[in-house]
Amino acid sequence: MTTRVQEKQYLQQFSANQLLLCPLEKAMLNQVSFNALGKVLDGNACTGQIAEYLLKNTSCHVCGISDQMEAVRQMRSTLYGGDFVYAAIGDIPWPENSFDVALLHPSDNRKEALLEQLGECKRVLKPGGQLVLGMKSLPLILQRMENLWRSVDENEWLCFQNARQILEKLGFERVSGSQVGLGGYVLTGWMSD
């Protein structure tokens, strides 16, 4: 029988190279200011890659939500030490002021849905907490070219502009953003103390 510490060391040693984070996920993690004893929410954790990285490389308490039951089952069976629940990002089942950091991939890019998701993230963040938002974002010329061969909802690519406005409207401070390659955008905002 192994202890949790031994299990964590084993996982770090033998499976560190198995995580394949996409560039957007890596950029999101680069923006996070971790508190060693903090609590982190992986919002819309469909693949569990971010939660797995956090469990293996930080001492934070990791929680995740997904609106896909099979993803939750898989995360629960493979990622020990985290709390993973089946829920919509617009209805997070934790009380107010629960998390130091919230990482979010929006599940719906419509402005109304984005307002609901970001509002719920604000509710569960502690004062001084950080929200890191990873979104699709293509330059306008590439959006137009992609529309030629595939039907793309314009909101899918332009929602990061709406998200920045919504974050500022909700009262997030020091909202900043950065482009990730040609297809992603990371926004970071802080709750006021």
# chains A, B, ... in the order shown; residues from 1 in each chain; ligands from 1

$ residues_around --residues "stretch 85-102 of chain A" --least-positions-apart "2" --cutoff "10 Å" --atoms "only C-alpha atoms" --output "ChimeraX atom specification"
/A:32-35,37-45,60-73,75-76,82-83,104-108,113-133,190-191

$ residues_around --residues "A:Val186" --least-positions-apart "3" --cutoff "9 Å" --atoms "only C-alpha atoms" --output "PyMOL selection string"
chain A and resi 24+27-28+31+132-136+160+176-180

$ closest_residue --among "A:Lys111, A:Asn30, A:Tyr53, A:Leu79" --to "A:Leu187" --atoms "only C-alpha atoms"
A:Asn30

$ atom_distance --atom1 "atom CA of A:Glu112" --atom2 "atom CA of A:Ala51"
27.0 Å

$ atom_distance --atom1 "atom CA of A:Arg164" --atom2 "atom CA of A:Asn109"
12.8 Å

$ atom_distance --atom1 "atom CA of A:Phe84" --atom2 "atom CA of A:Glu25"
18.5 Å

$ select_by_dssp --residues "stretch 32-167 of chain A" --states "strand (DSSP E or B)" --output "ChimeraX atom specification"
/A:39-43,61-66,83-86,99-104,125-136

$ write_last_selection --atoms "C-alpha atoms" --output "compact mmCIF listing (two decimals), in the first residue's frame"
# COMPACT_ATOMS: atom_id res chain seq x y z
CA LYS A 39 -7.95 26.38 -4.01
CA VAL A 40 -8.20 26.29 -7.82
CA LEU A 41 -11.30 25.74 -9.98
CA ASP A 42 -10.86 24.20 -13.42
CA GLY A 43 -14.03 25.43 -15.07
CA HIS A 61 -6.50 21.94 -3.79
CA VAL A 62 -7.95 21.33 -7.27
CA CYS A 63 -11.65 21.24 -8.11
CA GLY A 64 -13.17 20.82 -11.54
CA ILE A 65 -16.55 20.93 -13.20
CA SER A 66 -17.75 19.64 -16.53
CA ASP A 83 -12.94 17.22 -6.41
CA PHE A 84 -14.71 16.82 -9.75
CA VAL A 85 -18.43 17.35 -10.23
CA TYR A 86 -20.97 17.24 -13.03
CA PHE A 99 -11.61 29.75 -4.81
CA ASP A 100 -8.36 31.67 -5.11
CA VAL A 101 -8.10 31.01 -8.86
CA ALA A 102 -10.65 30.09 -11.52
CA LEU A 103 -9.52 28.80 -14.92
CA LEU A 104 -12.24 28.85 -17.56
CA LEU A 125 -13.84 33.71 -6.30
CA LYS A 126 -12.45 35.03 -3.03
CA PRO A 127 -11.60 38.74 -2.69
CA GLY A 128 -8.25 39.18 -4.43
CA GLY A 129 -8.90 36.02 -6.50
CA GLN A 130 -7.81 35.62 -10.10
CA LEU A 131 -9.82 34.59 -13.17
CA VAL A 132 -7.94 33.25 -16.19
CA LEU A 133 -10.06 32.88 -19.29
CA GLY A 134 -8.90 30.98 -22.39
CA MET A 135 -10.81 31.67 -25.61
CA LYS A 136 -10.65 31.17 -29.34

$ decode --residues "stretch 35-51 of chain A" --atoms "all heavy atoms" --output "tab-separated table (two decimals), in the first residue's frame"
chain	number	residue	atom	x	y	z
A	35	ASN	N	-1.12	30.30	-5.10
A	35	ASN	CA	-0.90	30.33	-3.66
A	35	ASN	C	-0.68	28.87	-3.26
A	35	ASN	O	-1.48	28.01	-3.61
A	35	ASN	CB	-2.13	30.91	-2.96
A	35	ASN	CG	-2.02	30.93	-1.47
A	35	ASN	OD1	-1.09	30.37	-0.89
A	35	ASN	ND2	-2.99	31.55	-0.83
A	36	ALA	N	0.38	28.58	-2.55
A	36	ALA	CA	0.74	27.20	-2.24
A	36	ALA	C	-0.40	26.42	-1.60
A	36	ALA	O	-0.56	25.23	-1.83
A	36	ALA	CB	1.97	27.17	-1.33
A	37	LEU	N	-1.20	27.07	-0.79
A	37	LEU	CA	-2.30	26.37	-0.12
A	37	LEU	C	-3.64	26.78	-0.70
A	37	LEU	O	-4.68	26.60	-0.06
A	37	LEU	CB	-2.26	26.63	1.38
A	37	LEU	CG	-0.96	26.20	2.07
A	37	LEU	CD1	-0.97	26.64	3.52
A	37	LEU	CD2	-0.76	24.71	1.96
A	38	GLY	N	-3.65	27.36	-1.88
A	38	GLY	CA	-4.86	27.88	-2.47
A	38	GLY	C	-5.78	26.80	-3.03
A	38	GLY	O	-5.44	25.63	-3.12
A	39	LYS	N	-6.94	27.25	-3.43
A	39	LYS	CA	-7.95	26.38	-4.01
A	39	LYS	C	-8.21	26.87	-5.44
A	39	LYS	O	-8.48	28.04	-5.65
A	39	LYS	CB	-9.23	26.45	-3.16
A	39	LYS	CG	-10.22	25.37	-3.44
A	39	LYS	CD	-11.31	25.40	-2.38
A	39	LYS	CE	-12.33	24.32	-2.64
A	39	LYS	NZ	-13.42	24.37	-1.66
A	40	VAL	N	-8.11	25.94	-6.40
A	40	VAL	CA	-8.20	26.29	-7.82
A	40	VAL	C	-9.40	25.58	-8.44
A	40	VAL	O	-9.60	24.38	-8.22
A	40	VAL	CB	-6.91	25.88	-8.57
A	40	VAL	CG1	-7.02	26.22	-10.05
A	40	VAL	CG2	-5.70	26.54	-7.96
A	41	LEU	N	-10.18	26.31	-9.24
A	41	LEU	CA	-11.30	25.74	-9.98
A	41	LEU	C	-10.93	25.62	-11.45
A	41	LEU	O	-10.53	26.61	-12.07
A	41	LEU	CB	-12.54	26.63	-9.85
A	41	LEU	CG	-13.74	26.22	-10.71
A	41	LEU	CD1	-14.31	24.88	-10.23
A	41	LEU	CD2	-14.81	27.30	-10.69
A	42	ASP	N	-11.03	24.41	-11.99
A	42	ASP	CA	-10.86	24.20	-13.42
A	42	ASP	C	-12.26	24.17	-14.00
A	42	ASP	O	-12.96	23.15	-13.96
A	42	ASP	CB	-10.11	22.89	-13.67
A	42	ASP	CG	-9.84	22.63	-15.15
A	42	ASP	OD1	-10.16	23.51	-15.98
A	42	ASP	OD2	-9.31	21.56	-15.48
A	43	GLY	N	-12.70	25.31	-14.52
A	43	GLY	CA	-14.03	25.43	-15.07
A	43	GLY	C	-14.11	24.82	-16.45
A	43	GLY	O	-13.25	25.05	-17.28
A	44	ASN	N	-15.13	24.01	-16.68
A	44	ASN	CA	-15.34	23.32	-17.95
A	44	ASN	C	-14.16	22.40	-18.27
A	44	ASN	O	-13.58	22.45	-19.33
A	44	ASN	CB	-15.58	24.33	-19.08
A	44	ASN	CG	-16.28	23.69	-20.25
A	44	ASN	OD1	-16.89	22.64	-20.12
A	44	ASN	ND2	-16.20	24.32	-21.39
A	45	ALA	N	-13.84	21.56	-17.31
A	45	ALA	CA	-12.70	20.64	-17.41
A	45	ALA	C	-13.07	19.41	-18.24
A	45	ALA	O	-13.26	18.33	-17.71
A	45	ALA	CB	-12.25	20.22	-16.02
A	46	CYS	N	-13.16	19.56	-19.53
A	46	CYS	CA	-13.60	18.46	-20.39
A	46	CYS	C	-12.55	17.35	-20.50
A	46	CYS	O	-12.88	16.18	-20.45
A	46	CYS	CB	-13.96	18.97	-21.77
A	46	CYS	SG	-15.39	20.04	-21.72
A	47	THR	N	-11.30	17.70	-20.68
A	47	THR	CA	-10.27	16.67	-20.85
A	47	THR	C	-9.55	16.37	-19.55
A	47	THR	O	-8.92	15.33	-19.42
A	47	THR	CB	-9.21	17.11	-21.88
A	47	THR	OG1	-8.54	18.28	-21.38
A	47	THR	CG2	-9.84	17.40	-23.23
A	48	GLY	N	-9.59	17.29	-18.60
A	48	GLY	CA	-8.91	17.08	-17.33
A	48	GLY	C	-7.42	17.34	-17.38
A	48	GLY	O	-6.71	17.12	-16.41
A	49	GLN	N	-6.91	17.84	-18.50
A	49	GLN	CA	-5.48	18.06	-18.64
A	49	GLN	C	-4.97	19.13	-17.67
A	49	GLN	O	-3.92	18.95	-17.06
A	49	GLN	CB	-5.14	18.47	-20.08
A	49	GLN	CG	-5.36	17.40	-21.11
A	49	GLN	CD	-4.31	16.31	-21.02
A	49	GLN	OE1	-3.16	16.56	-20.71
A	49	GLN	NE2	-4.72	15.09	-21.28
A	50	ILE	N	-5.69	20.23	-17.54
A	50	ILE	CA	-5.26	21.29	-16.63
A	50	ILE	C	-5.32	20.81	-15.19
A	50	ILE	O	-4.39	21.01	-14.42
A	50	ILE	CB	-6.09	22.57	-16.84
A	50	ILE	CG1	-5.72	23.22	-18.18
A	50	ILE	CG2	-5.89	23.55	-15.70
A	50	ILE	CD1	-6.50	24.46	-18.52
A	51	ALA	N	-6.40	20.14	-14.83
A	51	ALA	CA	-6.54	19.62	-13.46
A	51	ALA	C	-5.42	18.62	-13.17
A	51	ALA	O	-4.83	18.65	-12.08
A	51	ALA	CB	-7.90	18.97	-13.28
